[in-house]
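Visitor: One structure coming up, written as structure tokens, with questions to follow.
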Amino acid sequence: MNSGPLWNGFLCLQCVREKEVGVVEDLGQFKRLIKEGPSCIVWPLQSVVGRLSLRVQQLDVLCETKTKDNVFIQVGVAVQYRVVTESAYDAWYRLTSPTSQIQAYVFDVIRSTIPRMELDQAFESKDDIAQAVLEQLQSVMKDYGYAIVNTLVTDLAPDTKVKASMNEINAARRLKEAASHQAEADKVRQVKNAEAEAESRYLSGMGVARQRMAIVQGLQSSVAEFSKEVDGASPKDVMDILLLSQYFDTLSTVGANSLILEHDPATVAKLQRQVGVSFLRDGSVSGKDLLS
């Protein structure tokens, strides 16, 4: 269509995609911004010289720096940003390369923050580092028409040798803790075994004492009943008979072994005295109680 009043220009239809803004210039001079959808411009006097995306974009920055304890690490930072619609003019004309600008400020913040921290503290302070980068970028980039949505510290990677040494330190600490727990378990096990053995010996001693007490009481009862049934038999005679019977039982029990015992009346009398004293001592009774 020929339009004389419009300096022999033509109406041209331009379309801008969703979430974009177009920059229109008139003979090299900024004219206006056009939003998404169709727009008319006067060609060739006017032209759409560029389009800015309004979607959130991400810039991944990798920065090398040194910690307070002289460990070099690679810090990965993800910066999420977008163009402010009302400030699209500044975003297009004031910055040649917004990504380079953002990257420079990220380097500045990282290299001024990490050197004040030791390596372990840097790992613990990832959120603080990301917040420092976010605040710095927000205060600077808003003047250029960009809004910083978020910043994330995505990686903290020291040298491979440093990683290996950190793993060895951690492994040694774990082994030390495991050895301590193992020693404590052994201690508890030994204490419990000692307590069990002491309790076992105590109960065994109680059983032996009760056994000997029962033997003494049985002998007392046997002596008393035999003395009543047999006239003229004294308690001493009954004890002699019982001891002699026990002596022969012992001989028959140990006869299977190569054991040589003296066998004469003196030996029997000696055994009588020894057994009698043993019964009296272990049973906590007197000789008078035993023969009564």
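Ordered as shown in the structure tokens, chains take letters A, B, and onward, while each chain numbers its residues from 1 and ligands are numbered from 1 in the order shown.
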Could you give me the residues within range 59-252 of chain A that DSSP places in alpha helix (DSSP H), as a compact mmCIF listing (two decimals) with N, CA, C and O atoms, in the first residue's frame?
Guide:
```
# COMPACT_ATOMS: atom_id res chain seq x y z
N ALA A 88 12.65 -2.30 30.07
CA ALA A 88 13.24 -2.98 28.92
C ALA A 88 14.18 -2.04 28.14
O ALA A 88 15.15 -2.50 27.52
N TYR A 89 13.88 -0.74 28.16
CA TYR A 89 14.77 0.22 27.47
C TYR A 89 16.17 0.15 28.08
O TYR A 89 17.17 0.08 27.35
N ASP A 90 16.27 0.17 29.42
CA ASP A 90 17.58 0.09 30.07
C ASP A 90 18.25 -1.25 29.79
O ASP A 90 19.47 -1.32 29.59
N ALA A 91 17.47 -2.31 29.79
CA ALA A 91 18.04 -3.64 29.56
C ALA A 91 18.64 -3.75 28.17
O ALA A 91 19.63 -4.46 27.95
N TRP A 92 18.06 -3.03 27.18
CA TRP A 92 18.55 -3.14 25.81
C TRP A 92 19.69 -2.18 25.51
O TRP A 92 20.67 -2.53 24.87
N TYR A 93 19.58 -0.94 26.02
CA TYR A 93 20.52 0.09 25.62
C TYR A 93 21.67 0.32 26.62
O TYR A 93 22.72 0.82 26.21
N PRO A 98 24.72 -8.42 29.28
CA PRO A 98 24.28 -8.57 30.69
C PRO A 98 24.90 -9.79 31.37
O PRO A 98 25.17 -9.76 32.57
N THR A 99 25.13 -10.85 30.61
CA THR A 99 25.71 -12.04 31.24
C THR A 99 27.13 -11.78 31.74
O THR A 99 27.53 -12.23 32.82
N SER A 100 27.91 -11.01 30.95
CA SER A 100 29.27 -10.67 31.39
C SER A 100 29.23 -9.78 32.62
O SER A 100 30.06 -9.92 33.54
N GLN A 101 28.26 -8.88 32.69
CA GLN A 101 28.13 -8.01 33.85
C GLN A 101 27.78 -8.82 35.09
O GLN A 101 28.37 -8.64 36.16
N ILE A 102 26.83 -9.72 34.95
CA ILE A 102 26.43 -10.55 36.08
C ILE A 102 27.61 -11.42 36.53
O ILE A 102 27.88 -11.57 37.74
N GLN A 103 28.31 -11.99 35.57
CA GLN A 103 29.45 -12.84 35.89
C GLN A 103 30.53 -12.07 36.65
O GLN A 103 31.12 -12.57 37.60
N ALA A 104 30.77 -10.84 36.26
CA ALA A 104 31.80 -10.03 36.93
C ALA A 104 31.42 -9.77 38.38
O ALA A 104 32.27 -9.85 39.28
N TYR A 105 30.17 -9.46 38.64
CA TYR A 105 29.75 -9.21 40.02
C TYR A 105 29.77 -10.49 40.85
O TYR A 105 30.07 -10.46 42.04
N VAL A 106 29.44 -11.62 40.24
CA VAL A 106 29.53 -12.89 40.96
C VAL A 106 30.97 -13.17 41.36
O VAL A 106 31.26 -13.57 42.50
N PHE A 107 31.91 -12.97 40.43
CA PHE A 107 33.32 -13.16 40.75
C PHE A 107 33.74 -12.26 41.91
O PHE A 107 34.48 -12.67 42.81
N ASP A 108 33.28 -11.00 41.87
CA ASP A 108 33.67 -10.05 42.90
C ASP A 108 33.18 -10.49 44.28
O ASP A 108 33.93 -10.43 45.27
N VAL A 109 31.94 -10.94 44.37
CA VAL A 109 31.38 -11.34 45.66
C VAL A 109 32.04 -12.62 46.16
O VAL A 109 32.41 -12.74 47.34
N ILE A 110 32.19 -13.60 45.27
CA ILE A 110 32.78 -14.88 45.67
C ILE A 110 34.21 -14.68 46.17
O ILE A 110 34.62 -15.19 47.22
N ARG A 111 34.98 -13.91 45.44
CA ARG A 111 36.40 -13.73 45.79
C ARG A 111 36.62 -12.77 46.95
O ARG A 111 37.75 -12.62 47.41
N SER A 112 35.57 -12.13 47.40
CA SER A 112 35.68 -11.30 48.60
C SER A 112 35.05 -11.97 49.82
O SER A 112 35.25 -11.51 50.95
N THR A 113 34.30 -13.04 49.60
CA THR A 113 33.62 -13.72 50.71
C THR A 113 34.33 -15.01 51.12
O THR A 113 34.61 -15.22 52.31
N LEU A 119 37.82 -23.93 54.81
CA LEU A 119 37.14 -24.83 53.87
C LEU A 119 35.87 -25.40 54.46
O LEU A 119 34.81 -25.38 53.82
N ASP A 120 35.95 -25.92 55.68
CA ASP A 120 34.76 -26.51 56.30
C ASP A 120 33.67 -25.46 56.50
O ASP A 120 32.48 -25.74 56.30
N GLN A 121 34.06 -24.26 56.88
CA GLN A 121 33.08 -23.20 57.07
C GLN A 121 32.42 -22.81 55.74
O GLN A 121 31.23 -22.48 55.71
N ALA A 122 33.20 -22.84 54.67
CA ALA A 122 32.63 -22.52 53.36
C ALA A 122 31.54 -23.52 52.97
O ALA A 122 30.49 -23.13 52.43
N PHE A 123 31.78 -24.80 53.24
CA PHE A 123 30.75 -25.80 52.95
C PHE A 123 29.51 -25.57 53.80
O PHE A 123 28.39 -25.80 53.35
N GLU A 124 29.71 -25.13 55.04
CA GLU A 124 28.58 -24.91 55.94
C GLU A 124 27.84 -23.61 55.63
O GLU A 124 26.70 -23.44 56.07
N LYS A 126 27.07 -22.19 52.55
CA LYS A 126 26.64 -22.04 51.16
C LYS A 126 25.46 -21.09 51.04
O LYS A 126 25.41 -20.27 50.11
N ASP A 127 24.52 -21.17 51.96
CA ASP A 127 23.36 -20.28 51.90
C ASP A 127 23.77 -18.83 52.12
O ASP A 127 23.22 -17.92 51.49
N ASP A 128 24.72 -18.59 53.02
CA ASP A 128 25.18 -17.23 53.27
C ASP A 128 25.89 -16.66 52.04
O ASP A 128 25.72 -15.48 51.70
N ILE A 129 26.67 -17.49 51.37
CA ILE A 129 27.36 -17.04 50.16
C ILE A 129 26.34 -16.69 49.07
O ILE A 129 26.44 -15.65 48.40
N ALA A 130 25.35 -17.57 48.89
CA ALA A 130 24.32 -17.31 47.87
C ALA A 130 23.55 -16.04 48.19
O ALA A 130 23.21 -15.25 47.29
N GLN A 131 23.27 -15.80 49.47
CA GLN A 131 22.54 -14.59 49.86
C GLN A 131 23.36 -13.33 49.60
O GLN A 131 22.83 -12.30 49.15
N ALA A 132 24.67 -13.42 49.84
CA ALA A 132 25.54 -12.26 49.58
C ALA A 132 25.57 -11.94 48.09
O ALA A 132 25.51 -10.76 47.69
N VAL A 133 25.65 -12.97 47.25
CA VAL A 133 25.63 -12.74 45.79
C VAL A 133 24.30 -12.15 45.36
O VAL A 133 24.24 -11.22 44.54
N LEU A 134 23.20 -12.67 45.92
CA LEU A 134 21.87 -12.18 45.55
C LEU A 134 21.71 -10.70 45.90
O LEU A 134 21.22 -9.91 45.08
N GLU A 135 22.11 -10.31 47.10
CA GLU A 135 21.95 -8.92 47.52
C GLU A 135 22.79 -7.99 46.65
O GLU A 135 22.34 -6.90 46.27
N GLN A 136 24.01 -8.39 46.33
CA GLN A 136 24.87 -7.55 45.51
C GLN A 136 24.30 -7.37 44.11
O GLN A 136 24.25 -6.26 43.56
N LEU A 137 23.85 -8.48 43.50
CA LEU A 137 23.32 -8.40 42.14
C LEU A 137 22.01 -7.62 42.09
O LEU A 137 21.77 -6.86 41.14
N GLN A 138 21.16 -7.81 43.08
CA GLN A 138 19.88 -7.10 43.07
C GLN A 138 20.07 -5.59 43.14
O GLN A 138 19.38 -4.82 42.47
N SER A 139 21.04 -5.16 43.97
CA SER A 139 21.26 -3.73 44.12
C SER A 139 21.87 -3.10 42.88
O SER A 139 21.69 -1.90 42.63
N VAL A 140 22.59 -3.88 42.09
CA VAL A 140 23.28 -3.34 40.92
C VAL A 140 22.44 -3.49 39.65
O VAL A 140 22.26 -2.53 38.88
N MET A 141 21.90 -4.68 39.42
CA MET A 141 21.26 -4.98 38.14
C MET A 141 19.90 -4.33 37.98
O MET A 141 19.39 -4.22 36.85
N THR A 160 41.40 -32.40 43.90
CA THR A 160 41.22 -33.84 44.09
C THR A 160 42.01 -34.36 45.28
O THR A 160 41.53 -35.18 46.07
N LYS A 161 43.24 -33.87 45.44
CA LYS A 161 44.06 -34.31 46.57
C LYS A 161 43.45 -33.87 47.89
O LYS A 161 43.51 -34.60 48.88
N VAL A 162 42.87 -32.67 47.90
CA VAL A 162 42.23 -32.19 49.12
C VAL A 162 41.01 -33.04 49.44
O VAL A 162 40.75 -33.39 50.60
N LYS A 163 40.25 -33.42 48.40
CA LYS A 163 39.11 -34.31 48.62
C LYS A 163 39.56 -35.63 49.21
O LYS A 163 38.94 -36.15 50.16
N ALA A 164 40.65 -36.19 48.67
CA ALA A 164 41.15 -37.47 49.17
C ALA A 164 41.58 -37.35 50.63
O ALA A 164 41.29 -38.23 51.46
N SER A 165 42.28 -36.26 50.97
CA SER A 165 42.72 -36.08 52.36
C SER A 165 41.53 -35.90 53.29
O SER A 165 41.53 -36.41 54.42
N MET A 166 40.51 -35.17 52.84
CA MET A 166 39.30 -35.00 53.66
C MET A 166 38.61 -36.33 53.88
O MET A 166 38.13 -36.62 54.99
N ASN A 167 38.55 -37.16 52.85
CA ASN A 167 37.95 -38.48 53.01
C ASN A 167 38.75 -39.34 53.98
O ASN A 167 38.18 -40.10 54.78
N GLU A 168 40.09 -39.23 53.91
CA GLU A 168 40.93 -40.00 54.83
C GLU A 168 40.74 -39.54 56.27
O GLU A 168 40.68 -40.35 57.20
N ILE A 169 40.64 -38.22 56.46
CA ILE A 169 40.40 -37.69 57.81
C ILE A 169 39.06 -38.17 58.34
O ILE A 169 38.94 -38.60 59.49
N ASN A 170 38.06 -38.13 57.49
CA ASN A 170 36.74 -38.58 57.92
C ASN A 170 36.74 -40.08 58.21
O ASN A 170 36.14 -40.54 59.20
N ALA A 171 37.44 -40.86 57.37
CA ALA A 171 37.52 -42.30 57.60
C ALA A 171 38.25 -42.60 58.91
O ALA A 171 37.83 -43.48 59.67
N ALA A 172 39.35 -41.86 59.17
CA ALA A 172 40.08 -42.07 60.43
C ALA A 172 39.21 -41.73 61.63
O ALA A 172 39.22 -42.43 62.65
N ARG A 173 38.42 -40.66 61.51
CA ARG A 173 37.53 -40.29 62.61
C ARG A 173 36.48 -41.37 62.84
O ARG A 173 36.17 -41.74 63.98
N ARG A 174 35.96 -41.90 61.75
CA ARG A 174 34.95 -42.97 61.87
C ARG A 174 35.55 -44.22 62.51
O ARG A 174 34.92 -44.86 63.35
N LEU A 175 36.78 -44.56 62.08
CA LEU A 175 37.43 -45.74 62.65
C LEU A 175 37.71 -45.54 64.13
O LEU A 175 37.58 -46.48 64.93
N LYS A 176 38.09 -44.32 64.50
CA LYS A 176 38.33 -44.03 65.91
C LYS A 176 37.06 -44.18 66.72
O LYS A 176 37.06 -44.78 67.81
N GLU A 177 35.96 -43.65 66.20
CA GLU A 177 34.68 -43.80 66.90
C GLU A 177 34.27 -45.27 66.98
O GLU A 177 33.77 -45.73 68.01
N ALA A 178 34.50 -46.01 65.89
CA ALA A 178 34.15 -47.43 65.89
C ALA A 178 34.98 -48.20 66.92
O ALA A 178 34.47 -49.06 67.64
N ALA A 179 36.30 -47.87 66.99
CA ALA A 179 37.16 -48.54 67.96
C ALA A 179 36.72 -48.20 69.38
O ALA A 179 36.74 -49.07 70.28
N SER A 180 36.34 -46.95 69.61
CA SER A 180 35.88 -46.56 70.94
C SER A 180 34.61 -47.31 71.32
O SER A 180 34.49 -47.83 72.45
N HIS A 181 33.68 -47.40 70.38
CA HIS A 181 32.44 -48.13 70.66
C HIS A 181 32.72 -49.63 70.87
O HIS A 181 32.10 -50.27 71.74
N GLN A 182 33.67 -50.17 70.08
CA GLN A 182 34.01 -51.58 70.23
C GLN A 182 34.64 -51.85 71.59
O GLN A 182 34.32 -52.84 72.26
N ALA A 183 35.54 -50.94 72.01
CA ALA A 183 36.17 -51.10 73.33
C ALA A 183 35.13 -51.01 74.45
O ALA A 183 35.18 -51.76 75.42
N GLU A 184 34.19 -50.07 74.28
CA GLU A 184 33.14 -49.94 75.29
C GLU A 184 32.26 -51.20 75.34
O GLU A 184 31.88 -51.67 76.42
N ALA A 185 31.99 -51.76 74.16
CA ALA A 185 31.20 -53.00 74.12
C ALA A 185 31.97 -54.15 74.77
O ALA A 185 31.38 -54.96 75.52
N ASP A 186 33.28 -54.24 74.50
CA ASP A 186 34.09 -55.28 75.14
C ASP A 186 34.12 -55.11 76.65
O ASP A 186 34.07 -56.10 77.40
N LYS A 187 34.20 -53.87 77.09
CA LYS A 187 34.21 -53.60 78.53
C LYS A 187 32.90 -54.06 79.17
O LYS A 187 32.90 -54.74 80.20
N VAL A 188 31.81 -53.71 78.54
CA VAL A 188 30.50 -54.11 79.07
C VAL A 188 30.38 -55.63 79.07
O VAL A 188 29.88 -56.24 80.04
N ARG A 189 30.88 -56.26 77.98
CA ARG A 189 30.81 -57.72 77.89
C ARG A 189 31.63 -58.38 79.00
O ARG A 189 31.18 -59.33 79.64
N GLN A 190 32.84 -57.88 79.24
CA GLN A 190 33.69 -58.45 80.28
C GLN A 190 33.09 -58.23 81.67
O GLN A 190 33.14 -59.13 82.53
N VAL A 191 32.53 -57.04 81.89
CA VAL A 191 31.90 -56.77 83.20
C VAL A 191 30.72 -57.70 83.41
O VAL A 191 30.55 -58.27 84.51
N LYS A 192 29.91 -57.87 82.37
CA LYS A 192 28.75 -58.75 82.51
C LYS A 192 29.18 -60.20 82.72
O LYS A 192 28.56 -60.93 83.52
N ASN A 193 30.25 -60.61 82.01
CA ASN A 193 30.74 -61.97 82.21
C ASN A 193 31.26 -62.16 83.62
O ASN A 193 31.03 -63.21 84.26
N ALA A 194 31.98 -61.14 84.13
CA ALA A 194 32.49 -61.23 85.51
C ALA A 194 31.35 -61.28 86.51
O ALA A 194 31.38 -62.06 87.48
N GLU A 195 30.34 -60.44 86.27
CA GLU A 195 29.17 -60.46 87.17
C GLU A 195 28.46 -61.81 87.11
O GLU A 195 28.03 -62.35 88.15
N ALA A 196 28.34 -62.36 85.89
CA ALA A 196 27.68 -63.67 85.77
C ALA A 196 28.49 -64.76 86.45
O ALA A 196 27.94 -65.64 87.13
N GLU A 197 29.84 -64.72 86.29
CA GLU A 197 30.68 -65.72 86.93
C GLU A 197 30.62 -65.61 88.45
O GLU A 197 30.56 -66.62 89.16
N ALA A 198 30.63 -64.35 88.96
CA ALA A 198 30.53 -64.16 90.41
C ALA A 198 29.19 -64.68 90.93
O ALA A 198 29.13 -65.34 91.97
N GLU A 199 28.13 -64.38 90.20
CA GLU A 199 26.81 -64.86 90.62
C GLU A 199 26.75 -66.39 90.57
O GLU A 199 26.18 -67.04 91.45
N SER A 200 27.39 -66.96 89.50
CA SER A 200 27.41 -68.42 89.39
C SER A 200 28.16 -69.05 90.55
O SER A 200 27.71 -70.04 91.14
N ARG A 201 29.32 -68.48 90.88
CA ARG A 201 30.09 -69.03 92.00
C ARG A 201 29.36 -68.87 93.33
O ARG A 201 29.40 -69.75 94.19
N TYR A 202 28.68 -67.73 93.48
CA TYR A 202 27.91 -67.52 94.71
C TYR A 202 26.80 -68.57 94.84
O TYR A 202 26.63 -69.19 95.90
N LEU A 203 26.07 -68.76 93.71
CA LEU A 203 25.00 -69.75 93.77
C LEU A 203 25.56 -71.16 93.95
O LEU A 203 24.95 -71.99 94.65
N SER A 204 26.74 -71.45 93.31
CA SER A 204 27.36 -72.75 93.50
C SER A 204 27.76 -72.97 94.94
O SER A 204 27.57 -74.06 95.52
N GLY A 205 28.34 -71.92 95.54
CA GLY A 205 28.70 -72.02 96.95
C GLY A 205 27.48 -72.23 97.84
O GLY A 205 27.53 -73.02 98.81
N MET A 206 26.41 -71.53 97.51
CA MET A 206 25.18 -71.72 98.28
C MET A 206 24.68 -73.16 98.14
O MET A 206 24.24 -73.78 99.13
N GLY A 207 24.80 -73.70 96.91
CA GLY A 207 24.36 -75.08 96.72
C GLY A 207 25.22 -76.07 97.49
O GLY A 207 24.70 -77.02 98.11
N VAL A 208 26.54 -75.87 97.47
CA VAL A 208 27.43 -76.76 98.22
C VAL A 208 27.15 -76.67 99.71
O VAL A 208 27.11 -77.70 100.43
N ALA A 209 26.96 -75.44 100.20
CA ALA A 209 26.67 -75.27 101.63
C ALA A 209 25.37 -75.97 102.01
O ALA A 209 25.29 -76.65 103.04
N ARG A 210 24.36 -75.83 101.19
CA ARG A 210 23.08 -76.48 101.47
C ARG A 210 23.23 -78.00 101.39
O ARG A 210 22.62 -78.74 102.17
N GLN A 211 24.05 -78.45 100.40
CA GLN A 211 24.27 -79.90 100.29
C GLN A 211 24.92 -80.46 101.55
O GLN A 211 24.50 -81.48 102.08
N ARG A 212 25.97 -79.77 101.99
CA ARG A 212 26.65 -80.24 103.20
C ARG A 212 25.76 -80.13 104.42
O ARG A 212 25.79 -81.01 105.29
N MET A 213 24.94 -79.10 104.49
CA MET A 213 24.01 -78.99 105.60
C MET A 213 23.01 -80.14 105.57
O MET A 213 22.67 -80.72 106.61
N ALA A 214 22.55 -80.49 104.36
CA ALA A 214 21.61 -81.61 104.26
C ALA A 214 22.28 -82.93 104.67
O ALA A 214 21.66 -83.78 105.32
N ILE A 215 23.58 -83.09 104.28
CA ILE A 215 24.30 -84.30 104.68
C ILE A 215 24.41 -84.39 106.19
O ILE A 215 24.19 -85.45 106.81
N VAL A 216 24.78 -83.25 106.80
CA VAL A 216 24.91 -83.24 108.26
C VAL A 216 23.59 -83.54 108.94
O VAL A 216 23.51 -84.33 109.89
N GLN A 217 22.52 -82.92 108.43
CA GLN A 217 21.20 -83.18 109.02
C GLN A 217 20.79 -84.64 108.83
O GLN A 217 20.19 -85.26 109.71
N GLY A 218 21.13 -85.19 107.64
CA GLY A 218 20.80 -86.61 107.41
C GLY A 218 21.58 -87.52 108.36
O GLY A 218 21.03 -88.51 108.87
N LEU A 219 22.86 -87.21 108.58
CA LEU A 219 23.65 -88.01 109.52
C LEU A 219 23.10 -87.90 110.93
O LEU A 219 23.04 -88.91 111.67
N GLN A 220 22.72 -86.69 111.31
CA GLN A 220 22.14 -86.52 112.64
C GLN A 220 20.88 -87.37 112.80
O GLN A 220 20.67 -88.05 113.82
N SER A 221 20.04 -87.33 111.76
CA SER A 221 18.80 -88.11 111.83
C SER A 221 19.08 -89.62 111.87
O SER A 221 18.46 -90.37 112.64
N SER A 222 20.08 -90.07 111.04
CA SER A 222 20.41 -91.50 111.02
C SER A 222 20.97 -91.97 112.35
O SER A 222 20.62 -93.05 112.86
N VAL A 223 21.85 -91.14 112.91
CA VAL A 223 22.45 -91.52 114.21
C VAL A 223 21.38 -91.61 115.28
O VAL A 223 21.35 -92.55 116.09
N ALA A 224 20.46 -90.65 115.28
CA ALA A 224 19.42 -90.65 116.31
C ALA A 224 18.50 -91.86 116.17
O ALA A 224 18.18 -92.53 117.16
N GLU A 225 18.09 -92.19 114.95
CA GLU A 225 17.18 -93.32 114.76
C GLU A 225 17.87 -94.64 115.06
O GLU A 225 17.28 -95.55 115.65
N PHE A 226 19.16 -94.78 114.64
CA PHE A 226 19.88 -96.04 114.92
C PHE A 226 20.09 -96.25 116.41
O PHE A 226 20.00 -97.38 116.91
N SER A 227 20.36 -95.17 117.12
CA SER A 227 20.57 -95.30 118.57
C SER A 227 19.30 -95.73 119.27
O SER A 227 19.33 -96.47 120.27
N LYS A 228 18.14 -95.30 118.76
CA LYS A 228 16.88 -95.70 119.37
C LYS A 228 16.54 -97.15 119.07
O LYS A 228 15.96 -97.85 119.90
N GLU A 229 16.88 -97.62 117.87
CA GLU A 229 16.49 -98.97 117.47
C GLU A 229 17.41 -100.04 118.04
O GLU A 229 16.97 -101.17 118.31
N PRO A 235 26.11 -93.12 119.87
CA PRO A 235 26.23 -92.34 118.63
C PRO A 235 27.59 -92.48 117.99
O PRO A 235 27.70 -92.46 116.77
N LYS A 236 28.66 -92.64 118.78
CA LYS A 236 29.99 -92.79 118.22
C LYS A 236 30.11 -94.07 117.42
O LYS A 236 30.73 -94.11 116.34
N ASP A 237 29.52 -95.15 117.91
CA ASP A 237 29.55 -96.41 117.16
C ASP A 237 28.84 -96.27 115.82
O ASP A 237 29.31 -96.78 114.78
N VAL A 238 27.71 -95.58 115.85
CA VAL A 238 26.96 -95.39 114.62
C VAL A 238 27.78 -94.58 113.61
O VAL A 238 27.84 -94.90 112.41
N MET A 239 28.47 -93.54 114.08
CA MET A 239 29.30 -92.73 113.18
C MET A 239 30.43 -93.54 112.60
O MET A 239 30.77 -93.39 111.41
N ASP A 240 31.03 -94.40 113.38
CA ASP A 240 32.11 -95.26 112.87
C ASP A 240 31.61 -96.15 111.75
O ASP A 240 32.28 -96.34 110.73
N ILE A 241 30.43 -96.72 111.96
CA ILE A 241 29.86 -97.60 110.93
C ILE A 241 29.58 -96.81 109.64
O ILE A 241 29.88 -97.25 108.53
N LEU A 242 28.98 -95.59 109.80
CA LEU A 242 28.66 -94.79 108.63
C LEU A 242 29.93 -94.36 107.88
O LEU A 242 30.00 -94.38 106.64
N LEU A 243 30.96 -93.97 108.63
CA LEU A 243 32.21 -93.56 107.99
C LEU A 243 32.88 -94.72 107.28
O LEU A 243 33.45 -94.56 106.19
N LEU A 244 32.83 -95.91 107.89
CA LEU A 244 33.41 -97.08 107.25
C LEU A 244 32.66 -97.41 105.96
O LEU A 244 33.27 -97.75 104.93
N SER A 245 31.33 -97.28 106.01
CA SER A 245 30.53 -97.52 104.80
C SER A 245 30.88 -96.51 103.70
O SER A 245 31.05 -96.88 102.52
N GLN A 246 31.03 -95.23 104.09
CA GLN A 246 31.41 -94.23 103.11
C GLN A 246 32.80 -94.50 102.55
O GLN A 246 33.07 -94.26 101.37
N TYR A 247 33.69 -95.02 103.38
CA TYR A 247 35.06 -95.31 102.96
C TYR A 247 35.07 -96.39 101.88
O TYR A 247 35.73 -96.27 100.85
N PHE A 248 34.30 -97.46 102.10
CA PHE A 248 34.25 -98.53 101.11
C PHE A 248 33.55 -98.07 99.82
O PHE A 248 33.92 -98.49 98.72
N ASP A 249 32.55 -97.19 99.95
CA ASP A 249 31.91 -96.63 98.75
C ASP A 249 32.91 -95.82 97.94
O ASP A 249 32.92 -95.87 96.69
N THR A 250 33.75 -95.10 98.65
CA THR A 250 34.77 -94.30 97.96
C THR A 250 35.75 -95.19 97.22
O THR A 250 36.16 -94.92 96.08
N LEU A 251 36.17 -96.31 97.89
CA LEU A 251 37.09 -97.25 97.25
C LEU A 251 36.49 -97.84 95.98
O LEU A 251 37.16 -98.00 94.97
N SER A 252 35.20 -98.17 96.03
CA SER A 252 34.57 -98.75 94.85
C SER A 252 34.42 -97.74 93.72
O SER A 252 34.47 -98.09 92.54
```
Visitor: So that I can see what lies close to Asp159 in chain A, please list as number ranges by chain the residues with an atom at most 8 Å from it, counting only C-alpha atoms and leaving out residues fewer than 5 positions away in the same chain.
Guide: A: 71-73
Visitor: Could the residues in this selection be saved with N, CA, C and O atoms as a PDB file, in the first residue's frame?
Guide:
```pdb
ATOM      1  N   VAL A  71      43.243 -23.252  50.608  1.00  0.00           N
ATOM      2  CA  VAL A  71      42.766 -24.340  49.759  1.00  0.00           C
ATOM      3  C   VAL A  71      42.028 -23.727  48.568  1.00  0.00           C
ATOM      4  O   VAL A  71      41.093 -22.948  48.742  1.00  0.00           O
ATOM      5  N   PHE A  72      42.462 -24.057  47.367  1.00  0.00           N
ATOM      6  CA  PHE A  72      41.805 -23.552  46.161  1.00  0.00           C
ATOM      7  C   PHE A  72      40.583 -24.425  45.842  1.00  0.00           C
ATOM      8  O   PHE A  72      40.676 -25.659  45.826  1.00  0.00           O
ATOM      9  N   ILE A  73      39.473 -23.758  45.604  1.00  0.00           N
ATOM     10  CA  ILE A  73      38.234 -24.475  45.312  1.00  0.00           C
ATOM     11  C   ILE A  73      37.540 -23.823  44.117  1.00  0.00           C
ATOM     12  O   ILE A  73      37.713 -22.638  43.832  1.00  0.00           O
TER      13      ILE A  73
END
```
Visitor: Measure the distance from CA of Leu54 in chain A to CA of Thr96 in chain A in Å and round it to one decimal.
Guide: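 Atom-to-atom, CA of Leu54 in chain A and CA of Thr96 in chain A are spaced 17.3 Å apart.
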Visitor: Show which residues sit within 7 Å of Glu20 in chain A, as a VMD selection string. Count only C-alpha atoms, and ignore same-chain residues fewer than 4 positions away.
Guide: chain A and resid 16 35 to 36 51 to 54
Visitor: Store the residues picked out above in a file with N, CA, C and O atoms, as a PDB file, in the first residue's frame.
Guide:
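Below you can see part29.pdb, which holds the result:
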```pdb
ATOM      1  N   VAL A  16       5.270 -10.169  17.781  1.00  0.00           N
ATOM      2  CA  VAL A  16       6.183 -10.456  18.898  1.00  0.00           C
ATOM      3  C   VAL A  16       5.611 -11.640  19.669  1.00  0.00           C
ATOM      4  O   VAL A  16       4.410 -11.680  19.972  1.00  0.00           O
ATOM      5  N   LYS A  35       4.647  -4.899  22.669  1.00  0.00           N
ATOM      6  CA  LYS A  35       4.440  -6.105  23.462  1.00  0.00           C
ATOM      7  C   LYS A  35       4.074  -7.277  22.558  1.00  0.00           C
ATOM      8  O   LYS A  35       4.017  -7.134  21.328  1.00  0.00           O
ATOM      9  N   GLU A  36       3.799  -8.439  23.211  1.00  0.00           N
ATOM     10  CA  GLU A  36       3.495  -9.638  22.444  1.00  0.00           C
ATOM     11  C   GLU A  36       2.227  -9.427  21.602  1.00  0.00           C
ATOM     12  O   GLU A  36       1.330  -8.688  21.975  1.00  0.00           O
ATOM     13  N   ARG A  51      14.597  -8.103  20.213  1.00  0.00           N
ATOM     14  CA  ARG A  51      13.566  -8.651  21.088  1.00  0.00           C
ATOM     15  C   ARG A  51      14.209  -9.110  22.399  1.00  0.00           C
ATOM     16  O   ARG A  51      15.275  -9.726  22.380  1.00  0.00           O
ATOM     17  N   LEU A  52      13.547  -8.810  23.472  1.00  0.00           N
ATOM     18  CA  LEU A  52      14.026  -9.219  24.794  1.00  0.00           C
ATOM     19  C   LEU A  52      13.056 -10.236  25.391  1.00  0.00           C
ATOM     20  O   LEU A  52      11.834 -10.018  25.381  1.00  0.00           O
ATOM     21  N   SER A  53      13.601 -11.326  25.899  1.00  0.00           N
ATOM     22  CA  SER A  53      12.763 -12.345  26.527  1.00  0.00           C
ATOM     23  C   SER A  53      12.437 -11.923  27.956  1.00  0.00           C
ATOM     24  O   SER A  53      13.301 -11.455  28.701  1.00  0.00           O
ATOM     25  N   LEU A  54      11.171 -12.075  28.316  1.00  0.00           N
ATOM     26  CA  LEU A  54      10.731 -11.758  29.673  1.00  0.00           C
ATOM     27  C   LEU A  54      10.719 -12.986  30.579  1.00  0.00           C
ATOM     28  O   LEU A  54      10.343 -12.890  31.749  1.00  0.00           O
TER      29      LEU A  54
END
```
Visitor: If you measure from CA of Val149 in chain A to CA of Arg82 in chain A, what distance in Å do you get, rounded to one decimal?
Guide: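 Value for the CA of Val149 in chain A-CA of Arg82 in chain A distance: 7.2 Å.
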Visitor: Choose the residue, out of A:Gln80, A:Ser47, A:Gln274, A:Gln74, that has the smallest atom-to-atom separation from Glu25 in chain A; count only C-alpha atoms.
Guide: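 Among A:Gln80, A:Ser47, A:Gln274, A:Gln74, it is A:Ser47 that comes nearest to Glu25 in chain A.
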